[in-house]
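Source file: protein.cif; contents: mmCIF, C-alpha atoms.
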data_target
loop_
_atom_site.group_PDB
_atom_site.id
_atom_site.type_symbol
_atom_site.label_atom_id
_atom_site.label_comp_id
_atom_site.auth_asym_id
_atom_site.auth_seq_id
_atom_site.Cartn_x
_atom_site.Cartn_y
_atom_site.Cartn_z
ATOM 1 C CA MET A 1208 69.604 90.763 195.329
ATOM 2 C CA LYS A 1209 70.136 94.167 193.844
ATOM 3 C CA GLY A 1210 73.843 93.822 194.578
ATOM 4 C CA MET A 1211 73.928 90.511 192.700
ATOM 5 C CA GLU A 1212 72.366 92.133 189.654
ATOM 6 C CA GLY A 1213 74.872 94.947 189.785
ATOM 7 C CA THR A 1214 77.766 92.500 189.964
ATOM 8 C CA GLN A 1215 76.297 90.484 187.108
ATOM 9 C CA ALA A 1216 75.939 93.623 185.018
ATOM 10 C CA ARG A 1217 79.558 94.554 185.721
ATOM 11 C CA VAL A 1218 80.739 91.071 184.794
ATOM 12 C CA MET A 1219 78.752 91.221 181.542
ATOM 13 C CA LYS A 1220 80.185 94.650 180.789
ATOM 14 C CA ARG A 1221 83.720 93.448 181.433
ATOM 15 C CA GLU A 1222 83.145 90.381 179.280
ATOM 16 C CA ALA A 1223 81.926 92.578 176.437
ATOM 17 C CA ALA A 1224 84.947 94.857 176.826
ATOM 18 C CA MET A 1225 87.292 91.848 176.761
ATOM 19 C CA GLN A 1226 85.681 90.657 173.532
ATOM 20 C CA ARG A 1227 86.081 94.143 172.168
ATOM 21 C CA LEU A 1228 89.756 94.115 173.111
ATOM 22 C CA ASP A 1229 90.223 90.807 171.294
ATOM 23 C CA ARG A 1230 88.462 92.123 168.199
ATOM 24 C CA MET A 1231 90.484 95.329 168.218
ATOM 25 C CA THR A 1232 93.753 93.445 168.653
ATOM 26 C CA THR A 1233 92.904 91.139 165.764
ATOM 27 C CA GLY A 1234 91.908 94.129 163.669
ATOM 28 C CA VAL A 1235 95.149 95.965 164.403
ATOM 29 C CA ALA A 1236 97.185 92.830 163.621
ATOM 30 C CA LEU A 1237 95.418 92.333 160.287
ATOM 31 C CA ALA A 1238 95.726 96.029 159.445
ATOM 32 C CA ALA A 1239 99.430 95.929 160.286
ATOM 33 C CA LEU A 1240 99.951 92.887 158.062
ATOM 34 C CA ALA A 1241 98.083 94.587 155.246
ATOM 35 C CA GLY A 1242 100.105 97.726 155.966
ATOM 36 C CA VAL A 1243 103.381 95.879 155.399
ATOM 37 C CA GLY A 1244 102.115 94.756 151.998
ATOM 38 C CA ILE A 1245 100.737 98.159 151.063
ATOM 39 C CA PHE A 1246 103.797 100.104 152.206
ATOM 40 C CA ALA A 1247 106.086 97.586 150.514
ATOM 41 C CA ALA A 1248 104.163 98.087 147.279
ATOM 42 C CA VAL A 1249 104.214 101.862 147.649
ATOM 43 C CA SER A 1250 107.930 101.890 148.423
ATOM 44 C CA ALA A 1251 108.552 99.632 145.434
ATOM 45 C CA SER A 1252 106.668 101.989 143.165
ATOM 46 C CA THR A 1253 108.247 105.176 144.513
ATOM 47 C CA ILE A 1254 111.845 103.988 144.912
ATOM 48 C CA PRO A 1255 112.175 100.703 143.007
ATOM 49 C CA GLY A 1256 115.130 98.368 143.319
ATOM 50 C CA THR A 1257 117.207 96.734 140.656
ATOM 51 C CA SER A 1258 118.014 93.118 139.969
ATOM 52 C CA ASN A 1259 121.795 93.335 140.329
ATOM 53 C CA ALA A 1260 121.486 93.037 144.048
ATOM 54 C CA GLN A 1261 124.510 90.951 144.777
ATOM 55 C CA ALA A 1262 126.811 93.570 143.378
ATOM 56 C CA ALA A 1263 125.889 95.922 146.168
ATOM 57 C CA THR A 1264 126.418 93.570 149.040
ATOM 58 C CA GLY A 1265 129.354 93.959 151.307
ATOM 59 C CA ALA A 1266 130.363 90.335 151.021
ATOM 60 C CA SER A 1267 130.288 90.196 147.270
ATOM 61 C CA ALA A 1268 132.162 93.441 147.023
ATOM 62 C CA GLN A 1269 134.741 92.093 149.397
ATOM 63 C CA ASN A 1270 135.116 88.922 147.372
ATOM 64 C CA SER A 1271 135.497 90.701 144.102
ATOM 65 C CA SER A 1272 139.163 91.484 144.215
ATOM 66 C CA SER A 1273 140.274 93.476 141.278
ATOM 67 C CA ALA A 1274 143.876 94.521 140.903
ATOM 68 C CA THR A 1275 143.361 96.577 137.841
ATOM 69 C CA GLY A 1276 142.687 99.752 139.683
ATOM 70 C CA SER A 1277 139.482 100.337 137.830
ATOM 71 C CA THR A 1278 136.457 101.326 139.822
ATOM 72 C CA SER A 1279 133.196 99.463 139.563
ATOM 73 C CA VAL A 1280 130.243 100.890 141.376
ATOM 74 C CA SER A 1281 127.062 98.933 141.717
ATOM 75 C CA GLN A 1282 123.762 100.572 141.011
ATOM 76 C CA ASP A 1283 121.896 101.723 144.031
ATOM 77 C CA PRO A 1284 118.517 99.971 144.190
ATOM 78 C CA GLY A 1285 116.943 102.848 145.958
ATOM 79 C CA SER A 1286 117.807 105.579 143.485
ATOM 80 C CA SER A 1287 119.569 108.684 144.664
ATOM 81 C CA SER A 1288 117.576 109.076 147.821
ATOM 82 C CA GLY A 1289 117.393 105.436 148.690
ATOM 83 C CA PHE A 1290 119.712 102.729 149.873
ATOM 84 C CA GLN A 1291 123.169 104.120 149.423
ATOM 85 C CA PRO A 1292 125.912 101.704 150.317
ATOM 86 C CA LEU A 1293 128.435 104.214 149.009
ATOM 87 C CA SER A 1294 127.769 106.504 151.927
ATOM 88 C CA GLY A 1295 129.218 103.905 154.247
ATOM 89 C CA VAL A 1296 132.419 103.506 152.283
ATOM 90 C CA GLY A 1297 133.938 106.794 153.082
ATOM 91 C CA SER A 1298 132.846 106.972 156.668
ATOM 92 C CA SER A 1299 133.919 103.623 157.968
ATOM 93 C CA SER A 1300 136.181 100.710 157.451
ATOM 94 C CA GLY A 1301 135.015 97.136 157.272
ATOM 95 C CA PRO A 1302 133.583 94.811 154.753
ATOM 96 C CA GLY A 1303 130.996 97.145 153.320
ATOM 97 C CA LEU A 1304 132.934 98.135 150.258
ATOM 98 C CA VAL A 1305 130.928 98.686 147.155
ATOM 99 C CA VAL A 1306 133.868 100.066 145.253
ATOM 100 C CA SER A 1307 136.188 97.290 144.223
ATOM 101 C CA GLY A 1308 139.804 97.740 143.344
ATOM 102 C CA GLY A 1309 139.446 101.420 142.966
ATOM 103 C CA SER A 1310 141.265 102.804 145.914
ATOM 104 C CA HIS A 1311 143.671 104.719 143.699
ATOM 105 C CA SER A 1312 141.109 106.049 141.335
ATOM 106 C CA HIS A 1313 139.510 108.424 143.829
ATOM 107 C CA MET B 270 111.067 85.341 143.971
ATOM 108 C CA PRO B 271 112.633 88.625 142.919
ATOM 109 C CA ASP B 272 115.588 89.530 145.109
ATOM 110 C CA THR B 273 114.095 92.911 145.932
ATOM 111 C CA VAL B 274 110.979 91.535 147.640
ATOM 112 C CA LEU B 275 112.731 91.207 151.001
ATOM 113 C CA TRP B 276 114.064 94.714 150.590
ATOM 114 C CA TYR B 277 110.555 96.079 150.058
ATOM 115 C CA ALA B 278 109.269 93.990 152.981
ATOM 116 C CA THR B 279 111.963 95.525 155.205
ATOM 117 C CA ARG B 280 110.830 99.004 154.266
ATOM 118 C CA GLY B 281 107.126 98.175 154.656
ATOM 119 C CA ALA B 282 107.665 96.514 158.027
ATOM 120 C CA GLY B 283 109.751 99.484 159.165
ATOM 121 C CA ALA B 284 106.917 101.897 158.401
ATOM 122 C CA VAL B 285 104.361 99.684 160.147
ATOM 123 C CA SER B 286 106.662 99.241 163.162
ATOM 124 C CA LEU B 287 106.924 103.011 163.513
ATOM 125 C CA ILE B 288 103.140 103.402 163.426
ATOM 126 C CA LEU B 289 102.633 100.594 165.940
ATOM 127 C CA LEU B 290 105.341 101.902 168.262
ATOM 128 C CA SER B 291 103.830 105.378 168.165
ATOM 129 C CA SER B 292 100.400 103.901 168.930
ATOM 130 C CA VAL B 293 101.882 102.058 171.898
ATOM 131 C CA VAL B 294 103.382 105.284 173.229
ATOM 132 C CA VAL B 295 100.096 107.164 172.766
ATOM 133 C CA LEU B 296 98.103 104.397 174.476
ATOM 134 C CA GLY B 297 100.630 104.263 177.301
ATOM 135 C CA ILE B 298 100.269 107.985 177.897
ATOM 136 C CA LEU B 299 96.471 107.735 177.694
ATOM 137 C CA SER B 300 96.510 104.945 180.260
ATOM 138 C CA THR B 301 98.401 107.172 182.699
ATOM 139 C CA LEU B 302 95.702 109.798 182.101
ATOM 140 C CA ARG B 303 93.151 107.164 183.137
ATOM 141 C CA VAL B 304 90.999 107.831 180.111
ATOM 142 C CA GLU B 305 87.679 106.008 180.353
ATOM 143 C CA SER B 306 84.019 106.248 179.471
ATOM 144 C CA PRO B 307 80.967 104.000 179.968
ATOM 145 C CA SER B 308 81.728 102.279 176.673
ATOM 146 C CA TRP B 309 85.501 102.370 177.092
ATOM 147 C CA PRO B 310 86.694 100.957 180.422
ATOM 148 C CA ARG B 311 90.186 101.892 181.508
ATOM 149 C CA PHE B 312 91.579 98.379 181.193
ATOM 150 C CA LEU B 313 90.792 98.467 177.458
ATOM 151 C CA THR B 314 93.449 101.152 176.980
ATOM 152 C CA THR B 315 95.961 99.211 179.065
ATOM 153 C CA GLY B 316 95.132 95.926 177.335
ATOM 154 C CA LEU B 317 95.438 97.439 173.888
ATOM 155 C CA HIS B 318 98.703 99.102 174.939
ATOM 156 C CA ARG B 319 100.118 95.723 176.023
ATOM 157 C CA ASN B 320 98.873 93.790 172.976
ATOM 158 C CA ILE B 321 100.115 96.349 170.453
ATOM 159 C CA ALA B 322 103.463 96.540 172.262
ATOM 160 C CA LEU B 323 103.915 92.792 171.771
ATOM 161 C CA MET B 324 102.730 93.142 168.178
ATOM 162 C CA THR B 325 105.290 95.892 167.612
ATOM 163 C CA LEU B 326 108.056 93.475 168.558
ATOM 164 C CA VAL B 327 106.754 90.970 166.000
ATOM 165 C CA PHE B 328 106.768 93.531 163.191
ATOM 166 C CA LEU B 329 110.111 94.865 164.358
ATOM 167 C CA ALA B 330 111.435 91.313 164.132
ATOM 168 C CA LEU B 331 110.044 91.117 160.596
ATOM 169 C CA HIS B 332 111.739 94.437 159.775
ATOM 170 C CA ILE B 333 115.097 93.221 161.123
ATOM 171 C CA VAL B 334 114.997 89.641 159.843
ATOM 172 C CA THR B 335 114.072 90.669 156.309
ATOM 173 C CA ALA B 336 116.878 93.253 156.347
ATOM 174 C CA VAL B 337 119.410 90.713 157.609
ATOM 175 C CA VAL B 338 118.490 87.842 155.288
ATOM 176 C CA ASP B 339 118.000 90.090 152.270
ATOM 177 C CA PRO B 340 120.844 89.335 149.858
ATOM 178 C CA PHE B 341 120.859 92.941 148.734
ATOM 179 C CA THR B 342 121.467 94.670 152.059
ATOM 180 C CA HIS B 343 123.572 91.874 153.540
ATOM 181 C CA LEU B 344 123.754 93.632 156.878
ATOM 182 C CA GLY B 345 124.412 90.641 159.081
ATOM 183 C CA TRP B 346 123.138 89.951 162.579
ATOM 184 C CA THR B 347 125.946 91.861 164.258
ATOM 185 C CA ALA B 348 124.976 95.081 162.514
ATOM 186 C CA ALA B 349 121.347 94.564 163.507
ATOM 187 C CA LEU B 350 121.999 93.778 167.145
ATOM 188 C CA VAL B 351 125.254 95.525 168.110
ATOM 189 C CA PRO B 352 124.934 99.319 167.942
ATOM 190 C CA PHE B 353 127.303 101.133 165.596
ATOM 191 C CA SER B 354 128.872 97.949 164.218
ATOM 192 C CA SER B 355 127.373 98.245 160.756
ATOM 193 C CA TYR B 356 129.471 99.150 157.719
ATOM 194 C CA TYR B 357 126.384 100.739 156.196
ATOM 195 C CA ARG B 358 125.184 104.047 157.694
ATOM 196 C CA THR B 359 126.874 103.193 160.939
ATOM 197 C CA PHE B 360 125.308 105.923 163.042
ATOM 198 C CA TRP B 361 121.718 105.659 161.795
ATOM 199 C CA LEU B 362 121.602 101.867 161.945
ATOM 200 C CA GLY B 363 123.237 102.033 165.366
ATOM 201 C CA LEU B 364 120.305 104.130 166.562
ATOM 202 C CA GLY B 365 117.960 101.425 165.293
ATOM 203 C CA ALA B 366 119.847 98.774 167.273
ATOM 204 C CA ILE B 367 119.698 100.952 170.389
ATOM 205 C CA ALA B 368 115.947 101.514 169.951
ATOM 206 C CA LEU B 369 115.433 97.766 169.559
ATOM 207 C CA GLU B 370 117.348 96.985 172.727
ATOM 208 C CA LEU B 371 115.525 99.651 174.714
ATOM 209 C CA LEU B 372 112.190 98.283 173.510
ATOM 210 C CA LEU B 373 113.207 94.734 174.382
ATOM 211 C CA ALA B 374 114.150 95.900 177.877
ATOM 212 C CA ILE B 375 110.821 97.708 178.250
ATOM 213 C CA VAL B 376 108.688 94.813 177.029
ATOM 214 C CA LEU B 377 110.595 92.089 178.875
ATOM 215 C CA THR B 378 110.494 93.975 182.173
ATOM 216 C CA SER B 379 106.769 94.543 181.646
ATOM 217 C CA LEU B 380 106.277 90.797 181.250
ATOM 218 C CA VAL B 381 108.077 90.122 184.562
ATOM 219 C CA ARG B 382 106.717 93.180 186.324
ATOM 220 C CA GLY B 383 105.407 91.122 189.209
ATOM 221 C CA TYR B 384 108.880 89.821 190.008
ATOM 222 C CA ILE B 385 110.966 92.995 189.670
ATOM 223 C CA GLY B 386 108.685 95.385 191.543
ATOM 224 C CA HIS B 387 106.833 98.469 190.456
ATOM 225 C CA GLY B 388 109.691 100.922 191.050
ATOM 226 C CA VAL B 389 112.194 99.140 188.811
ATOM 227 C CA TRP B 390 109.561 98.494 186.169
ATOM 228 C CA ARG B 391 108.530 102.144 186.164
ATOM 229 C CA ALA B 392 112.122 103.369 185.931
ATOM 230 C CA ILE B 393 112.800 101.120 182.943
ATOM 231 C CA HIS B 394 109.448 102.013 181.385
ATOM 232 C CA TRP B 395 110.549 105.636 181.296
ATOM 233 C CA LEU B 396 113.072 104.525 178.683
ATOM 234 C CA THR B 397 110.157 104.599 176.228
ATOM 235 C CA TYR B 398 110.578 108.341 176.079
ATOM 236 C CA ALA B 399 114.122 107.676 174.808
ATOM 237 C CA ALA B 400 113.362 104.658 172.612
ATOM 238 C CA TRP B 401 110.621 106.285 170.556
ATOM 239 C CA PRO B 402 112.569 109.371 169.391
ATOM 240 C CA VAL B 403 115.635 107.205 168.744
ATOM 241 C CA ALA B 404 113.471 104.971 166.528
ATOM 242 C CA VAL B 405 112.043 107.995 164.705
ATOM 243 C CA ILE B 406 115.516 109.440 164.104
ATOM 244 C CA HIS B 407 116.706 106.016 162.907
ATOM 245 C CA GLY B 408 113.891 105.997 160.356
ATOM 246 C CA LEU B 409 114.580 109.541 159.228
ATOM 247 C CA GLY B 410 118.306 108.947 158.944
ATOM 248 C CA THR B 411 118.532 105.545 157.368
ATOM 249 C CA GLY B 412 115.123 104.986 155.842
ATOM 250 C CA THR B 413 115.226 104.571 152.097
ATOM 251 C CA ASP B 414 111.788 106.149 151.894
ATOM 252 C CA SER B 415 112.364 108.825 154.526
ATOM 253 C CA THR B 416 112.244 111.563 151.899
ATOM 254 C CA SER B 417 109.192 110.135 150.132
ATOM 255 C CA ALA B 418 105.993 112.096 150.685
ATOM 256 C CA TRP B 419 104.084 109.080 152.040
ATOM 257 C CA MET B 420 106.768 108.227 154.582
ATOM 258 C CA LEU B 421 107.121 111.860 155.601
ATOM 259 C CA ALA B 422 103.350 111.939 156.179
ATOM 260 C CA ILE B 423 103.543 108.795 158.338
ATOM 261 C CA THR B 424 106.454 110.173 160.355
ATOM 262 C CA ALA B 425 104.736 113.543 160.790
ATOM 263 C CA GLY B 426 101.519 111.816 161.878
ATOM 264 C CA CYS B 427 103.379 109.721 164.442
ATOM 265 C CA ILE B 428 105.245 112.734 165.824
ATOM 266 C CA ALA B 429 102.001 114.739 165.993
ATOM 267 C CA GLY B 430 100.157 111.925 167.773
ATOM 268 C CA VAL B 431 102.833 111.342 170.379
ATOM 269 C CA GLY B 432 103.456 115.076 170.755
ATOM 270 C CA MET B 433 99.777 115.773 171.426
ATOM 271 C CA SER B 434 99.547 112.997 174.006
ATOM 272 C CA VAL B 435 102.652 114.270 175.783
ATOM 273 C CA VAL B 436 101.170 117.784 175.866
ATOM 274 C CA LEU B 437 97.895 116.354 177.207
ATOM 275 C CA ARG B 438 99.811 114.421 179.836
ATOM 276 C CA LEU B 439 101.811 117.463 180.914
ATOM 277 C CA ASN B 440 98.713 119.645 181.114
ATOM 278 C CA ALA B 441 96.643 117.062 182.928
ATOM 279 C CA GLY B 442 98.792 117.075 186.039
ATOM 280 C CA PRO B 443 98.579 114.259 188.560
ATOM 281 C CA ARG B 444 95.408 112.188 188.270
ATOM 282 C CA ASP B 445 95.883 110.652 191.654
ATOM 283 C CA PRO B 446 93.076 112.095 193.845
ATOM 284 C CA LEU B 447 95.328 111.886 196.894
ATOM 285 C CA SER B 448 98.369 113.475 195.298
ATOM 286 C CA THR B 449 97.750 116.965 196.700
ATOM 287 C CA ALA B 450 97.201 115.628 200.192
ATOM 288 C CA ARG B 451 100.289 113.432 199.877
ATOM 289 C CA ASP B 452 102.429 116.331 198.674
ATOM 290 C CA THR B 453 101.219 118.531 201.528
ATOM 291 C CA PHE B 454 101.985 115.788 204.013
ATOM 292 C CA SER B 455 105.465 115.203 202.549
ATOM 293 C CA SER B 456 106.353 118.880 202.582
ATOM 294 C CA THR B 457 105.129 119.195 206.202
ATOM 295 C CA VAL B 458 107.267 116.248 207.254
ATOM 296 C CA ASP B 459 110.268 117.703 205.398
ATOM 297 C CA ARG B 460 109.799 121.076 207.142
ATOM 298 C CA ARG B 461 109.696 119.415 210.567
ATOM 299 C CA GLU B 462 112.791 117.337 209.849
ATOM 300 C CA THR B 463 114.828 120.338 208.775
ATOM 301 C CA ARG B 464 114.010 122.269 211.950
#
Entire entry expressed as structure tokens:
Amino acid sequence: MKGMEGTQARVMKREAAMQRLDRMTTGVALAALAGVGIFAAVSASTIPGTSNAQAATGASAQNSSSATGSTSVSQDPGSSSGFQPLSGVGSSSGPGLVVSGGSHSH
Amino acid sequence: MPDTVLWYATRGAGAVSLILLSSVVVLGILSTLRVESPSWPRFLTTGLHRNIALMTLVFLALHIVTAVVDPFTHLGWTAALVPFSSYYRTFWLGLGAIALELLLAIVLTSLVRGYIGHGVWRAIHWLTYAAWPVAVIHGLGTGTDSTSAWMLAITAGCIAGVGMSVVLRLNAGPRDPLSTARDTFSSTVDRRETR
């Protein structure tokens, strides 16, 4: 009889711990979701982007063929320390060109 | 919708993914230490470790998908999934792709642990010790906010948390009560075989 009570107590304890696990998981998930929003807002306020986004994309830069030899550089949305597509231009080949038609102007 | 929203979401999800991944590593190490108390049974640590690991993949997916579909970054799926194929910060993004693939291997093998056996699962699980630093370096190298004070604080907190758990783990020694006896037995057998 005493053994039955002990088993019952263990089952109850395990059940409570399982509920706790569920609550903690839900809490972490909600906190993480809120975290994405908060960190996105903080990142937007510390290093804001600009609206001329397409100009910085690899595809648009590739499509913009300019034979004039002039160099057009899109504005980096992440300021000097942020997203810097230009850093990829010198180090690799491929479609990621932000500088259009300016290969002779360097 | 402003075209920078996805860009901000990428950065936010990246920060959250790093925190979650670090928590998973810490909980994994704590579970090997068999941490428990009357109010905190051991399976709670393991359960939380598993649930947050799966959650990390979800937020990592958010981080990657928003980066890929964002018209500003225009990375493309190849850059996100094939290491060192990106035109943009080739090396740093390549590390991110490697970390993702290591994590996928770790989580998927954990889900089929019963089929692949404990030895294989354990060997692959050790890749966590490679995946986490690779992810941290990816964030430091390519993260737009990596030089911002708030992101530096998050990164430092994650490194401190994981570092402390690793130190705890190393100092704790084997928690298996039979490990000493097993080691003695093994060394005795080895001595006899070499005679």
Can you check which parts of chain B lie within 7 Å of chain A? Per residue, the shortest pair of atoms and distance in Å to one decimal, counting all atoms listed in the file, sorted by chain and number, as a Markdown table.
| residue | atom | partner | partner_atom | distance |
| --- | --- | --- | --- | --- |
| B:Asp272 | CA | A:Ser1258 | CA | 6.7 |
| B:Thr273 | CA | A:Gly1256 | CA | 6.1 |
| B:Tyr277 | CA | A:Ala1247 | CA | 4.7 |
| B:Ala278 | CA | A:Ala1247 | CA | 5.4 |
| B:Arg280 | CA | A:Ala1247 | CA | 6.2 |
| B:Gly281 | CA | A:Ala1247 | CA | 4.3 |
| B:Ala282 | CA | A:Val1243 | CA | 5.1 |
| B:Val285 | CA | A:Val1243 | CA | 6.2 |
| B:Leu313 | CA | A:Leu1228 | CA | 6.2 |
| B:Leu317 | CA | A:Leu1228 | CA | 6.6 |
| B:Asn320 | CA | A:Thr1232 | CA | 6.7 |
| B:Pro340 | CA | A:Gln1261 | CA | 6.5 |
| B:Phe341 | CA | A:Ala1260 | CA | 4.7 |
| B:Thr342 | CA | A:Thr1264 | CA | 5.9 |
| B:His343 | CA | A:Thr1264 | CA | 5.6 |
| B:Tyr356 | CA | A:Gly1303 | CA | 5.1 |
| B:Tyr357 | CA | A:Gly1295 | CA | 4.7 |
| B:Arg358 | CA | A:Gly1295 | CA | 5.3 |
| B:Thr413 | CA | A:Gly1289 | CA | 4.1 |
| B:Asp414 | CA | A:Gly1289 | CA | 6.5 |
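For the atom pair formed by atom CA of B:Leu364 and atom CA of B:Gly345, the distance is 16.0 Å, given to one decimal.
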Given 3 Å of margin on each side, can you work out the centre and size in Å (one decimal) of an axis-aligned box holding every listed atom of stretch 293-306 of chain B, as lines of an AutoDock Vina configuration file?
center_x = 93.7
center_y = 105.9
center_z = 177.5
size_x = 25.4
size_y = 13.7
size_z = 17.2
Item checked: Atom pair atom CA of B:Val405 / atom CA of B:Leu287: separation (Å) -> 7.2 Å
Item checked: Selection: 12 Å around B:Val351, only C-alpha atoms, excl. self and same-chain fewer than 2 positions, as a list in words ->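 Non-adjacent residues within range: Leu344, Gly345, Trp346, Thr347, Ala348, Ala349, Phe353, Ser354, Ser355, Tyr356, Thr359, Phe360, Leu362, Gly363, Leu364, Gly365, Ala366, Ile367, Ala368, Leu369 and Glu370 of chain B.
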Next item on the list: List the residues matched by the PyMOL selection byres ((chain B and resi 404) around 12) in the displayed structure as a PyMOL selection string, ordered by chain and then by residue number.
Entry: chain B and resi 283-284+286-291+329+361-372+397-403+405-412+424+427-428
Notebook entry, point to check: Hey, can you check how far atom CA of B:Thr279 sits from atom CA of B:Leu421?
Noted result: 17.0 Å
Next item on the list: I would like the residues chosen by the PyMOL selection byres ((chain B and resi 373-380) around 10) on the shown file; could you give them as a PyMOL selection string?
Entry: chain B and resi 319+322-323+326+367-372+381-387+389-397+400
Notebook entry, point to check: Expanded to explicit residues, what is the PyMOL selection byres ((chain B and resi 304) around 12) for this file, as a ChimeraX atom specification?
Noted result: /B:295-303,305-315,434,437-438,441,444
